[in-house]
file query05.cif (mmCIF, C-alpha atoms)
data_my_file
#
loop_
_atom_site.label_atom_id
_atom_site.label_comp_id
_atom_site.auth_asym_id
_atom_site.auth_seq_id
_atom_site.Cartn_x
_atom_site.Cartn_y
_atom_site.Cartn_z
CA MET A 1 95.00 19.57 -41.41
CA LEU A 2 92.22 17.03 -41.07
CA THR A 3 93.57 14.62 -43.67
CA ALA A 4 97.19 14.73 -42.54
CA GLY A 5 96.99 11.07 -41.51
CA VAL A 6 95.99 9.72 -44.94
CA SER A 7 98.37 10.29 -47.82
CA GLU A 8 100.62 8.36 -50.14
CA TYR A 9 103.68 9.18 -48.08
CA GLY A 10 104.88 7.66 -44.85
CA LEU A 11 103.88 9.34 -41.61
CA PRO A 12 106.38 11.97 -40.49
CA ALA A 13 107.82 11.49 -37.02
CA SER A 14 105.79 14.38 -35.62
CA VAL A 15 102.57 12.55 -36.56
CA LEU A 16 103.80 9.11 -35.50
CA ALA A 17 104.82 10.30 -32.02
CA PRO A 18 101.31 11.23 -30.74
CA TYR A 19 99.96 7.85 -31.90
CA LEU A 20 102.74 6.05 -30.05
CA PHE A 21 102.08 8.17 -26.98
CA VAL A 22 98.36 7.30 -27.01
CA SER A 23 99.25 3.63 -27.45
CA ALA A 24 101.66 3.75 -24.50
CA ALA A 25 99.11 5.54 -22.32
CA MET A 26 96.40 3.01 -23.17
CA PHE A 27 98.76 0.13 -22.40
CA VAL A 28 99.68 1.64 -19.03
CA ILE A 29 96.01 2.26 -18.15
CA GLY A 30 95.35 -1.42 -18.87
CA LEU A 31 98.34 -2.41 -16.74
CA ILE A 32 97.24 -0.27 -13.79
CA GLY A 33 93.77 -1.77 -14.04
CA PHE A 34 95.19 -5.29 -14.13
CA LEU A 35 97.30 -4.60 -11.03
CA THR A 36 94.70 -2.84 -8.93
CA ARG A 37 91.26 -4.29 -9.68
CA LYS A 38 90.15 -7.44 -7.90
CA ASN A 39 87.33 -8.52 -10.20
CA LEU A 40 88.53 -11.31 -12.54
CA ILE A 41 86.37 -10.09 -15.44
CA ILE A 42 87.75 -6.54 -15.19
CA MET A 43 91.26 -7.98 -15.10
CA PHE A 44 90.64 -9.79 -18.40
CA LEU A 45 89.06 -6.63 -19.82
CA CYS A 46 92.31 -4.84 -18.96
CA THR A 47 94.37 -7.40 -20.91
CA GLU A 48 92.10 -6.67 -23.89
CA LEU A 49 92.88 -2.98 -23.38
CA MET A 50 96.59 -3.78 -23.57
CA PHE A 51 96.03 -5.82 -26.78
CA GLN A 52 94.26 -2.81 -28.22
CA ALA A 53 97.14 -0.49 -27.34
CA ALA A 54 99.65 -2.84 -28.96
CA GLY A 55 97.46 -2.98 -32.07
CA LEU A 56 97.42 0.80 -32.34
CA ALA A 57 101.23 0.94 -32.17
CA LEU A 58 101.51 -1.83 -34.80
CA ILE A 59 99.20 -0.05 -37.23
CA ALA A 60 100.87 3.34 -36.68
CA PHE A 61 104.29 1.85 -37.37
CA GLY A 62 102.91 -0.05 -40.36
CA ARG A 63 101.60 3.23 -41.76
CA HIS A 64 104.98 4.84 -41.09
CA HIS A 65 106.79 2.16 -43.09
CA LEU A 66 104.07 1.99 -45.79
CA GLY A 67 103.55 -1.75 -45.45
CA GLU A 68 100.63 -3.97 -44.52
CA ASP A 69 102.54 -6.26 -42.15
CA GLY A 70 101.30 -4.33 -39.12
CA GLN A 71 97.67 -4.79 -40.14
CA THR A 72 98.21 -8.49 -40.81
CA PHE A 73 99.62 -8.85 -37.33
CA VAL A 74 96.67 -6.98 -35.82
CA ILE A 75 94.31 -9.45 -37.49
CA PHE A 76 96.30 -12.28 -35.90
CA VAL A 77 96.16 -10.55 -32.50
CA LEU A 78 92.40 -10.24 -32.97
CA CYS A 79 92.14 -14.03 -33.41
CA VAL A 80 94.24 -14.61 -30.30
CA ALA A 81 92.11 -12.12 -28.34
CA ALA A 82 88.92 -13.87 -29.40
CA ALA A 83 90.32 -17.29 -28.42
CA GLU A 84 91.60 -15.88 -25.14
CA ALA A 85 88.24 -14.30 -24.33
CA ALA A 86 86.40 -17.59 -24.91
CA MET A 87 88.82 -19.61 -22.76
CA ALA A 88 89.24 -17.03 -20.02
CA LEU A 89 85.53 -16.42 -19.63
CA ALA A 90 84.81 -20.16 -19.49
CA LEU A 91 87.44 -20.39 -16.75
CA VAL A 92 85.96 -17.41 -14.90
CA VAL A 93 82.51 -18.99 -14.92
CA LEU A 94 84.03 -22.22 -13.59
CA LEU A 95 85.91 -20.40 -10.82
CA PHE A 96 82.81 -18.39 -9.96
CA ARG A 97 80.67 -21.50 -9.58
CA ARG A 98 83.22 -22.95 -7.17
CA ARG A 99 83.62 -19.94 -4.83
CA GLU A 100 80.56 -17.78 -5.58
CA THR A 101 82.79 -14.72 -5.88
CA LEU A 102 84.69 -13.09 -8.73
CA SER A 103 87.45 -11.81 -6.47
CA ALA A 104 90.97 -12.81 -7.48
CA GLU A 105 91.82 -12.89 -3.79
CA ALA A 106 89.56 -15.89 -3.27
CA TRP A 107 92.20 -17.92 -5.12
CA LYS A 108 95.20 -16.91 -3.03
CA GLU A 109 96.30 -20.51 -2.60
CA LEU A 110 97.24 -20.61 -6.29
CA ASN A 111 100.19 -18.25 -5.71
CA GLY A 112 102.58 -21.21 -5.53
CA MET B 1 112.79 13.78 -28.12
CA GLU B 2 113.28 17.44 -27.15
CA ASN B 3 111.74 18.71 -30.36
CA LEU B 4 108.55 16.66 -29.80
CA ILE B 5 107.84 17.10 -26.10
CA SER B 6 109.91 18.63 -23.34
CA PRO B 7 111.05 16.19 -20.64
CA ILE B 8 109.67 18.43 -17.90
CA ILE B 9 106.15 18.17 -19.34
CA LEU B 10 106.55 14.41 -19.67
CA TYR B 11 107.63 13.95 -16.05
CA THR B 12 104.90 16.32 -14.79
CA PHE B 13 102.44 14.22 -16.79
CA CYS B 14 103.66 11.05 -15.07
CA VAL B 15 103.39 12.57 -11.57
CA LEU B 16 99.92 14.06 -12.21
CA GLY B 17 98.74 10.85 -13.87
CA SER B 18 99.83 8.55 -11.05
CA ALA B 19 98.28 10.88 -8.45
CA GLY B 20 95.09 11.02 -10.49
CA PHE B 21 94.80 7.23 -10.76
CA ALA B 22 95.62 6.77 -7.09
CA LEU B 23 92.62 9.00 -6.27
CA ALA B 24 90.27 7.87 -9.01
CA LEU B 25 90.45 4.10 -8.44
CA PRO B 26 87.42 2.87 -6.50
CA ARG B 27 87.49 3.01 -2.71
CA ARG B 28 84.79 2.67 -0.10
CA GLY B 29 83.22 6.06 0.54
CA SER B 30 85.87 8.02 -1.34
CA LYS B 31 84.89 11.59 -2.19
CA LEU B 32 88.10 12.24 -4.13
CA VAL B 33 87.20 10.46 -7.39
CA PRO B 34 86.24 13.72 -9.23
CA LEU B 35 89.53 15.29 -8.12
CA GLY B 36 91.40 12.28 -9.56
CA MET B 37 89.49 12.65 -12.83
CA ILE B 38 90.41 16.35 -12.99
CA LEU B 39 94.08 15.53 -12.38
CA LEU B 40 94.03 12.86 -15.12
CA GLY B 41 92.25 15.16 -17.55
CA SER B 42 94.72 17.98 -16.95
CA ALA B 43 97.67 15.57 -17.34
CA PHE B 44 96.50 14.28 -20.74
CA GLY B 45 95.34 17.75 -21.82
CA MET B 46 98.75 19.19 -21.02
CA VAL B 47 100.49 16.61 -23.22
CA ALA B 48 97.99 17.20 -26.06
CA VAL B 49 98.54 20.98 -25.93
CA SER B 50 102.28 20.40 -25.92
CA PHE B 51 102.04 18.14 -29.01
CA ILE B 52 99.84 20.64 -30.87
CA TRP B 53 102.17 23.51 -29.99
CA ARG B 54 105.31 21.62 -31.04
CA ALA B 55 103.81 20.26 -34.28
CA ASP B 56 103.66 23.74 -35.81
CA ARG B 57 107.31 24.40 -35.06
CA PHE B 58 108.22 20.92 -36.24
CA ALA B 59 106.78 21.51 -39.69
CA ASP B 60 109.46 23.83 -41.03
CA GLU B 61 112.58 22.56 -39.32
CA HIS B 62 112.39 18.81 -39.95
CA ILE B 63 113.51 17.13 -43.15
CA ASN B 64 110.80 14.46 -42.95
CA GLY B 65 107.92 16.85 -43.41
CA GLY B 66 105.93 17.59 -40.31
CA GLY B 67 102.68 18.94 -39.02
CA GLY B 68 100.47 17.32 -36.45
CA PRO B 69 98.15 14.33 -36.75
CA GLY B 70 95.09 16.53 -37.24
CA LEU B 71 92.00 17.46 -35.26
CA PHE B 72 90.24 14.10 -35.60
CA PHE B 73 93.17 12.31 -34.00
CA TYR B 74 92.91 14.44 -30.88
CA VAL B 75 89.14 13.88 -30.65
CA PHE B 76 89.45 10.10 -31.03
CA ALA B 77 92.43 9.93 -28.67
CA ALA B 78 90.54 11.89 -26.02
CA ILE B 79 87.52 9.57 -26.30
CA ALA B 80 89.69 6.43 -26.28
CA LEU B 81 91.79 7.45 -23.28
CA GLY B 82 88.86 8.90 -21.33
CA ALA B 83 86.81 5.75 -21.87
CA SER B 84 89.71 3.49 -20.95
CA ILE B 85 90.24 5.45 -17.73
CA ARG B 86 86.57 4.83 -16.94
CA VAL B 87 86.99 1.11 -17.76
CA ILE B 88 89.36 0.68 -14.85
CA THR B 89 87.90 3.25 -12.43
CA HIS B 90 84.19 2.44 -12.72
CA PRO B 91 83.07 0.24 -9.82
CA ARG B 92 80.37 -1.59 -11.80
CA PRO B 93 81.62 -4.25 -14.28
CA VAL B 94 78.77 -3.75 -16.78
CA TYR B 95 79.68 -0.08 -17.19
CA SER B 96 83.35 -1.03 -17.55
CA ALA B 97 82.45 -3.32 -20.45
CA LEU B 98 80.34 -0.62 -22.11
CA TYR B 99 83.15 1.94 -21.75
CA PHE B 100 85.48 -0.62 -23.29
CA ILE B 101 83.25 -0.73 -26.37
CA MET B 102 83.65 3.06 -26.55
CA THR B 103 87.44 2.69 -26.39
CA ILE B 104 87.30 0.18 -29.24
CA ILE B 105 85.18 2.41 -31.45
CA ALA B 106 87.40 5.44 -30.80
CA SER B 107 90.55 3.50 -31.60
CA CYS B 108 88.86 2.24 -34.77
CA GLY B 109 88.52 5.92 -35.69
CA MET B 110 92.28 6.25 -35.30
CA TYR B 111 92.79 3.13 -37.47
CA VAL B 112 90.71 4.76 -40.23
CA LEU B 113 92.87 7.89 -39.95
CA LEU B 114 95.89 5.64 -40.41
CA GLY B 115 94.41 4.15 -43.58
CA ALA B 116 93.60 0.71 -42.12
CA GLU B 117 89.89 0.58 -42.96
CA PHE B 118 89.50 -3.19 -43.08
CA VAL B 119 91.05 -3.76 -39.66
CA ALA B 120 88.97 -0.92 -38.21
CA PHE B 121 85.65 -2.36 -39.33
CA ALA B 122 86.68 -5.93 -38.53
CA LEU B 123 87.52 -4.70 -35.05
CA VAL B 124 84.10 -3.09 -34.60
CA ILE B 125 82.36 -6.28 -35.71
CA ILE B 126 84.51 -8.74 -33.79
CA TYR B 127 85.38 -6.80 -30.64
CA ALA B 128 82.37 -4.58 -30.06
CA GLY B 129 79.93 -7.03 -31.64
CA ALA B 130 81.12 -10.43 -30.47
CA ILE B 131 83.78 -10.44 -27.75
CA LEU B 132 82.20 -7.72 -25.62
CA ILE B 133 78.80 -9.40 -25.82
CA THR B 134 80.45 -12.53 -24.42
CA TYR B 135 81.88 -10.41 -21.62
CA LEU B 136 78.46 -8.91 -20.88
CA PHE B 137 76.91 -12.39 -20.80
CA VAL B 138 79.49 -13.62 -18.32
CA ILE B 139 79.17 -10.50 -16.15
CA MET B 140 75.45 -11.11 -15.95
CA LEU B 141 75.80 -14.88 -15.44
CA ALA B 142 78.33 -14.49 -12.68
CA THR B 143 76.48 -11.87 -10.67
CA GLN B 144 77.61 -11.92 -7.09
CA ALA B 145 75.14 -12.19 -4.30
CA PRO B 146 74.75 -8.60 -3.04
CA THR B 147 76.15 -8.09 0.44
CA GLY B 148 74.39 -4.82 1.17
CA GLY B 149 76.35 -2.02 2.81
CA GLN B 150 76.14 1.73 2.37
CA GLU B 151 76.87 1.80 -1.36
CA GLY B 152 73.81 -0.04 -2.55
CA MET B 153 74.45 -3.42 -4.13
CA LEU B 154 78.20 -3.07 -4.67
CA ASP B 155 80.33 -5.99 -3.62
CA GLU B 156 83.65 -5.60 -1.82
CA THR B 157 85.44 -7.01 -4.88
CA ASP B 158 84.30 -4.17 -7.12
CA ALA B 159 84.10 -1.31 -4.66
CA VAL B 160 87.67 -1.49 -3.34
CA ALA B 161 90.83 -1.43 -5.43
CA ARG B 162 93.88 -3.41 -4.34
CA GLU B 163 96.90 -1.17 -3.60
CA PRO B 164 95.86 1.76 -5.85
CA VAL B 165 98.86 3.94 -4.98
CA VAL B 166 101.52 1.30 -5.66
CA GLY B 167 99.75 0.23 -8.86
CA SER B 168 99.47 3.71 -10.33
CA VAL B 169 103.00 4.74 -9.41
CA LEU B 170 104.40 1.55 -10.97
CA GLY B 171 102.26 2.08 -14.08
CA PHE B 172 103.44 5.64 -14.60
CA VAL B 173 107.09 4.76 -14.00
CA LEU B 174 106.61 2.36 -16.92
CA MET B 175 104.82 5.11 -18.88
CA GLY B 176 107.78 7.45 -18.41
CA LEU B 177 110.23 4.74 -19.49
CA ILE B 178 108.21 3.78 -22.58
CA SER B 179 107.75 7.39 -23.70
CA VAL B 180 111.40 8.32 -23.20
CA MET B 181 112.48 5.21 -25.15
CA MET B 182 110.00 5.62 -28.00
CA LEU B 183 110.07 9.40 -28.40
CA GLY B 184 113.84 9.48 -27.90
CA GLY B 185 114.45 7.07 -30.77
CA ILE B 186 111.80 8.39 -33.09
CA ASP B 187 114.15 10.60 -35.08
CA SER B 188 116.23 7.60 -36.10
CA VAL B 189 113.23 5.53 -37.26
CA ARG B 190 113.52 5.20 -41.03
CA PRO B 191 110.40 6.22 -42.96
CA GLY B 192 108.97 4.13 -45.78
CA ALA B 193 110.79 3.81 -49.09
CA SER B 194 110.42 6.95 -51.21
CA ASP B 195 109.66 4.90 -54.34
CA PHE B 196 106.62 3.32 -52.70
CA GLU B 197 103.89 2.61 -55.28
CA PRO B 198 100.55 1.72 -53.68
CA ASP B 199 99.13 0.28 -56.93
CA ALA B 200 102.07 -2.09 -57.52
CA VAL B 201 100.08 -4.97 -56.02
CA LEU B 202 97.68 -4.79 -59.00
CA ALA B 203 100.26 -6.71 -61.04
CA ASN B 204 99.46 -9.69 -58.81
CA LEU B 205 95.69 -9.34 -59.22
CA PRO B 206 95.05 -9.71 -62.98
CA GLY B 207 91.49 -10.89 -62.36
CA LYS B 208 90.55 -7.59 -60.69
CA VAL B 209 92.26 -5.60 -63.45
CA ASP B 210 90.36 -7.60 -66.10
CA LYS B 211 87.06 -6.84 -64.39
CA VAL B 212 87.71 -3.09 -64.10
CA LEU B 213 88.92 -2.85 -67.73
CA ALA B 214 85.88 -4.77 -69.00
CA ARG B 215 83.56 -2.48 -67.02
CA GLU B 216 85.25 0.58 -68.55
CA ASP B 217 84.96 -0.99 -72.10
CA LEU B 218 88.72 -0.80 -72.58
CA ILE B 219 89.08 -4.47 -73.60
CA ALA B 220 87.04 -6.68 -75.86
CA GLU B 221 85.36 -9.96 -74.96
CA ASN B 222 88.33 -12.11 -75.96
CA GLU B 223 91.05 -9.95 -74.42
CA ARG B 224 92.63 -10.02 -71.00
CA VAL B 225 95.69 -8.78 -69.14
CA LEU B 226 98.78 -10.65 -70.36
CA ARG B 227 99.61 -13.30 -67.77
CA ALA B 228 103.26 -13.68 -66.80
CA GLU B 229 104.89 -17.01 -65.95
CA ASP B 230 103.97 -16.88 -62.26
CA GLY B 231 100.30 -16.13 -62.90
CA GLY B 232 100.56 -12.37 -62.36
CA GLY B 233 99.59 -9.78 -64.97
CA VAL B 234 102.05 -7.67 -66.97
CA LEU B 235 101.37 -4.24 -65.56
CA ASP B 236 103.66 -1.34 -64.73
CA ALA B 237 102.04 0.68 -61.95
CA SER B 238 104.58 3.50 -61.91
CA ALA B 239 104.55 4.01 -65.72
CA ARG B 240 100.78 3.34 -65.79
CA THR B 241 100.84 0.83 -68.66
CA ILE B 242 98.95 -2.45 -68.95
CA THR B 243 99.81 -5.15 -71.50
CA ILE B 244 96.73 -6.82 -72.97
CA GLU B 245 96.69 -10.14 -74.83
CA ASN B 246 94.11 -11.40 -77.27
CA THR B 247 93.38 -14.95 -76.18
CA GLU B 248 92.21 -16.09 -79.66
CA LEU B 249 94.79 -14.44 -81.89
CA GLY B 250 97.68 -14.45 -79.42
CA THR B 251 98.54 -10.84 -80.19
CA THR B 252 99.34 -8.24 -77.53
CA ARG B 253 98.79 -4.51 -77.24
CA VAL B 254 99.54 -1.94 -74.53
CA ILE B 255 97.05 0.34 -72.80
CA GLY B 256 98.96 3.54 -72.11
CA SER B 257 98.80 5.90 -69.17
CA ASP B 258 96.22 8.12 -70.95
CA ASN B 259 93.66 5.34 -70.78
CA TRP B 260 94.46 4.10 -67.26
CA PRO B 261 90.99 4.09 -65.64
CA ASP B 262 90.52 6.14 -62.47
CA GLU B 263 88.76 3.21 -60.83
CA LEU B 264 91.83 1.02 -61.12
CA VAL B 265 93.47 1.54 -57.74
CA ALA B 266 94.68 -0.91 -55.13
CA GLY B 267 92.73 -0.17 -51.96
CA ASN B 268 93.57 -1.13 -48.41
CA LEU B 269 91.66 -4.41 -48.80
CA ASP B 270 93.59 -5.45 -51.94
CA ARG B 271 96.96 -4.75 -50.38
CA LEU B 272 96.08 -6.27 -47.00
CA GLY B 273 94.61 -9.39 -48.60
CA TRP B 274 97.70 -9.89 -50.75
CA ASN B 275 99.96 -9.32 -47.76
CA LEU B 276 98.00 -11.76 -45.57
CA LEU B 277 97.56 -14.56 -48.08
CA HIS B 278 100.79 -14.29 -50.06
CA ASP B 279 103.39 -13.03 -47.61
CA HIS B 280 102.08 -14.58 -44.39
CA PRO B 281 100.05 -17.71 -45.30
CA MET B 282 101.17 -19.50 -42.13
CA THR B 283 99.35 -16.86 -40.03
CA ILE B 284 96.00 -18.17 -41.16
CA GLU B 285 96.92 -21.77 -40.40
CA ILE B 286 98.13 -20.91 -36.91
CA ALA B 287 95.08 -18.73 -36.24
CA GLY B 288 92.84 -21.61 -37.32
CA VAL B 289 94.56 -24.03 -34.93
CA ILE B 290 94.35 -21.49 -32.07
CA LEU B 291 90.64 -20.92 -32.64
CA LEU B 292 89.93 -24.66 -32.85
CA MET B 293 91.82 -25.31 -29.62
CA ALA B 294 89.98 -22.43 -27.90
CA MET B 295 86.65 -23.85 -29.01
CA LEU B 296 87.51 -27.33 -27.70
CA GLY B 297 88.92 -25.92 -24.48
CA ALA B 298 85.92 -23.70 -23.79
CA THR B 299 83.56 -26.62 -24.44
CA VAL B 300 85.46 -28.92 -22.08
CA LEU B 301 85.68 -26.25 -19.38
CA ALA B 302 82.06 -25.21 -19.61
CA ARG B 303 80.54 -28.70 -19.31
CA LYS B 304 82.58 -29.60 -16.24
CA HIS B 305 80.38 -30.29 -13.25
CA VAL B 306 81.48 -28.47 -10.11
CA GLU B 307 81.38 -30.50 -6.92
CA LEU B 308 80.84 -28.14 -4.03
CA GLU B 309 81.78 -29.11 -0.50
CA GLU B 310 78.92 -29.49 1.94
CA ALA B 311 79.95 -26.51 4.10
CA LEU B 312 80.19 -24.20 1.10
CA LYS B 313 76.83 -25.40 -0.16
CA ALA B 314 75.19 -24.57 3.15
CA GLU B 315 76.81 -21.14 3.18
CA GLN B 316 75.56 -20.42 -0.33
CA ALA B 317 72.06 -21.52 0.52
CA LYS B 318 72.11 -19.24 3.57
CA ARG B 319 73.36 -16.28 1.55
CA LEU B 320 70.77 -16.83 -1.18
CA GLY B 321 68.05 -17.03 1.46
CA GLU B 322 69.19 -13.74 2.99
CA THR B 323 69.09 -12.06 -0.40
CA THR B 324 65.58 -13.18 -1.20
CA LEU B 325 64.43 -12.08 2.24
CA LYS B 326 66.06 -8.69 1.80
CA GLN B 327 64.40 -8.21 -1.56
CA GLN B 328 61.00 -9.07 -0.15
CA GLN B 329 61.02 -6.31 2.43
CA PRO B 330 61.42 -3.00 0.55
CA SER B 331 63.83 -0.96 2.64
CA GLY B 332 64.58 1.91 0.25
CA GLY B 333 68.17 2.71 -0.74
CA ALA B 334 68.92 -0.24 -3.01
CA ALA B 335 66.81 0.25 -6.10
#
call {"tool": "encode", "arguments": {"input": "query05.cif", "output": "structure tokens"}}
result
Amino acid sequence: MLTAGVSEYGLPASVLAPYLFVSAAMFVIGLIGFLTRKNLIIMFLCTELMFQAAGLALIAFGRHHLGEDGQTFVIFVLCVAAAEAAMALALVVLLFRRRETLSAEAWKELNG
Amino acid sequence: MENLISPIILYTFCVLGSAGFALALPRRGSKLVPLGMILLGSAFGMVAVSFIWRADRFADEHINGGGGPGLFFYVFAAIALGASIRVITHPRPVYSALYFIMTIIASCGMYVLLGAEFVAFALVIIYAGAILITYLFVIMLATQAPTGGQEGMLDETDAVAREPVVGSVLGFVLMGLISVMMLGGIDSVRPGASDFEPDAVLANLPGKVDKVLAREDLIAENERVLRAEDGGGVLDASARTITIENTELGTTRVIGSDNWPDELVAGNLDRLGWNLLHDHPMTIEIAGVILLMAMLGATVLARKHVELEEALKAEQAKRLGETTLKQQQPSGGAA
């Protein structure tokens, strides 16, 4: 029972489904956080949560199809997440120095 | 979908989940956060029990094998989801970041269960070790001047969520849609090819095969795996035979399946490395350009001097003065 996830055969649908469900739930938690929290840093943390959920779905599907393409793509997503974190946090520090608050509502005039 | 989870349980999960988030998101003076947590826990627990219960029935009726994902999956999933709920409901950003590290580590556990060891450990090193430390630095750099109030040092930005009810209802409408789409189509997803041979990639890695064979004393000093035209070795992974050439005499012989060493297997790293470098070489180039641009961009952004307006400067000075005064007179409460 414990090793059902690791074998030489593709994942059966009944094993794939719980992984996809967890991935969907994690994505939605990230989305709710992005919509409801005001702190800019927490909002970026929530996008990382959504990246993580997408990565879990990619790896589960990759395991289902017995290929490594999913893992390759997760490595790429990891690079993008690292680049995004560096840029976004530099921007957050810049915005913070200008308004002395991390609230997204302090930048309402950017809504176009 | 019906043989994995019943629609009624799924919709109950969505209703309970959105109610739970609506209560658990931070609000000034809210006493209902534990109730929200209980609702969320019962929602996820209900789905987990449903999956466990269905997996046993699934095992004998489905052509594709069956069974559940195992005990460890449920433990890691519970940690990952619980920690990610705390990421968005905890009012203090530092705790959110620490709970996010917990989410990462738990999902790395799930990656290991899925046989993706390299990605799992790379994720621990890069995410938990590097990216989250950057987040913690910025959280501590950009600390807001405390405004006081009943809840200690918490600022309005962190203590109050924006439209928690609308946000959670929207999120769980999306959750219902995603689950119905994914679980509804899961029976028609084609599984991997039945003739999949995990060691087939060894034919492309003659250097590794040479090393293992030399360590096992199966080849002499002047022998090596016969190289094919494209640089790969002549090796049949399904028949378990390796063709060896003598580099001095030019003769060849075959190592049969009886002598195939146990150590000679293609692990996750071999297959992932081959996939990354041979099948998707452009990925690395693009990732390099993205990282270079991010480095340049972060440098340019960080060295920019911010010109504050005079009024704002005065306000900041006033606020800073208030804070230092408040800290000097110990008034209890805020520790």
call {"tool": "atom_distance", "arguments": {"input": "query05.cif", "atom1": "CA of Cys79 in chain A", "atom2": "CA of His64 in chain A"}}
result
24.1 Å
call {"tool": "resolve_selection", "arguments": {"input": "query05.cif", "expression": "the PyMOL selection byres ((chain A and resi 14) around 8)", "output": "count of residues only"}}
result
13
call {"tool": "residues_around", "arguments": {"input": "query05.cif", "residues": "Phe73 in chain A", "least_positions_apart": "2", "cutoff": "12 Å", "atoms": "all atoms listed in the file", "output": "VMD selection string"}}
result
(chain A and resid 51 54 to 59 61 to 62 67 to 71 75 to 80) or (chain B and resid 119 272 275 to 276 279 to 284 287)
call {"tool": "closest_atom_pairs", "arguments": {"input": "query05.cif", "of": "range 5-110 of chain A", "to": "range 171-186 of chain B", "cutoff": "7 Å", "atoms": "only C-alpha atoms", "output": "JSON lines"}}
result
{"residue": "A:Ala13", "atom": "CA", "partner": "B:Ile186", "partner_atom": "CA", "distance": 6.4}
{"residue": "A:Ala17", "atom": "CA", "partner": "B:Leu183", "partner_atom": "CA", "distance": 6.4}
{"residue": "A:Phe21", "atom": "CA", "partner": "B:Ser179", "partner_atom": "CA", "distance": 6.6}
{"residue": "A:Ala24", "atom": "CA", "partner": "B:Met175", "partner_atom": "CA", "distance": 6.6}
{"residue": "A:Ala25", "atom": "CA", "partner": "B:Met175", "partner_atom": "CA", "distance": 6.7}
{"residue": "A:Val28", "atom": "CA", "partner": "B:Gly171", "partner_atom": "CA", "distance": 5.6}
{"residue": "A:Leu31", "atom": "CA", "partner": "B:Gly171", "partner_atom": "CA", "distance": 6.5}
{"residue": "A:Ile32", "atom": "CA", "partner": "B:Gly171", "partner_atom": "CA", "distance": 5.6}
call {"tool": "atom_distance", "arguments": {"input": "query05.cif", "atom1": "CA of Gly288 in chain B", "atom2": "CA of Ala82 in chain A"}}
result
11.7 Å
call {"tool": "residues_around", "arguments": {"input": "query05.cif", "residues": "Cys108 in chain B", "least_positions_apart": "2", "cutoff": "8 Å", "atoms": "all atoms listed in the file", "output": "list in words"}}
result
Ile104, Ile105, Ala106, Met110, Tyr111, Val112, Ala120, Phe121, Leu123 and Val124 of chain B
call {"tool": "resolve_selection", "arguments": {"input": "query05.cif", "expression": "the PyMOL selection byres ((chain B and resi 298) around 8)", "output": "list of chain:residue names"}}
result
A:Ala86, A:Met87, A:Ala90, A:Leu91, B:Ala294, B:Met295, B:Leu296, B:Gly297, B:Thr299, B:Val300, B:Leu301, B:Ala302
call {"tool": "closest_residue", "arguments": {"input": "query05.cif", "among": "A:Asn111, A:Val92, A:Ala83, A:Glu105", "to": "chain B", "atoms": "all atoms listed in the file"}}
result
A:Ala83
call {"tool": "atom_distance", "arguments": {"input": "query05.cif", "atom1": "CA of Phe76 in chain B", "atom2": "CA of Asn3 in chain B"}}
result
23.9 Å
call {"tool": "closest_residue", "arguments": {"input": "query05.cif", "among": "A:Glu48, A:Glu100, A:Glu84, A:Glu109", "to": "Ala97 in chain B", "atoms": "only C-alpha atoms"}}
result
A:Glu48
call {"tool": "resolve_selection", "arguments": {"input": "query05.cif", "expression": "the PyMOL selection byres ((chain A and resi 39) around 6)", "output": "number ranges by chain"}}
result
A: 37-38, 40-42, 102-103; B: 157
call {"tool": "residues_near_point", "arguments": {"input": "query05.cif", "point": "(96.2, -0.1, -54.4)", "cutoff": "9 Å", "atoms": "all atoms listed in the file", "output": "list in words"}}
result
Glu197, Pro198, Asp199, Ala200, Val201, Leu202, Leu264, Val265, Ala266, Gly267, Asn268, Leu269, Asp270 and Arg271 of chain B
call {"tool": "closest_residue", "arguments": {"input": "query05.cif", "among": "A:Leu45, A:Leu110, A:Ala53, A:Ala81", "to": "Ile139 in chain B", "atoms": "only C-alpha atoms"}}
result
A:Leu45
call {"tool": "residues_around", "arguments": {"input": "query05.cif", "residues": "Thr36 in chain A", "least_positions_apart": "4", "cutoff": "12 Å", "atoms": "only C-alpha atoms", "output": "PyMOL selection string"}}
result
(chain A and resi 29-32+40+42-43+46+103-105) or (chain B and resi 21-22+24-27+88-89+157-171)
call {"tool": "residues_around", "arguments": {"input": "query05.cif", "residues": "Lys211 in chain B", "least_positions_apart": "6", "cutoff": "10 Å", "atoms": "all atoms listed in the file", "output": "list in words"}}
result
Asp217, Ile219, Arg224 and Leu264 of chain B
call {"tool": "axis_aligned_box", "arguments": {"input": "query05.cif", "around": "range 14-30 of chain A", "padding_each_side": "3 Å", "output": "lines of an AutoDock Vina configuration file"}}
result
center_x = 100.6
center_y = 6.5
center_z = -27.4
size_x = 16.4
size_y = 21.8
size_z = 24.4
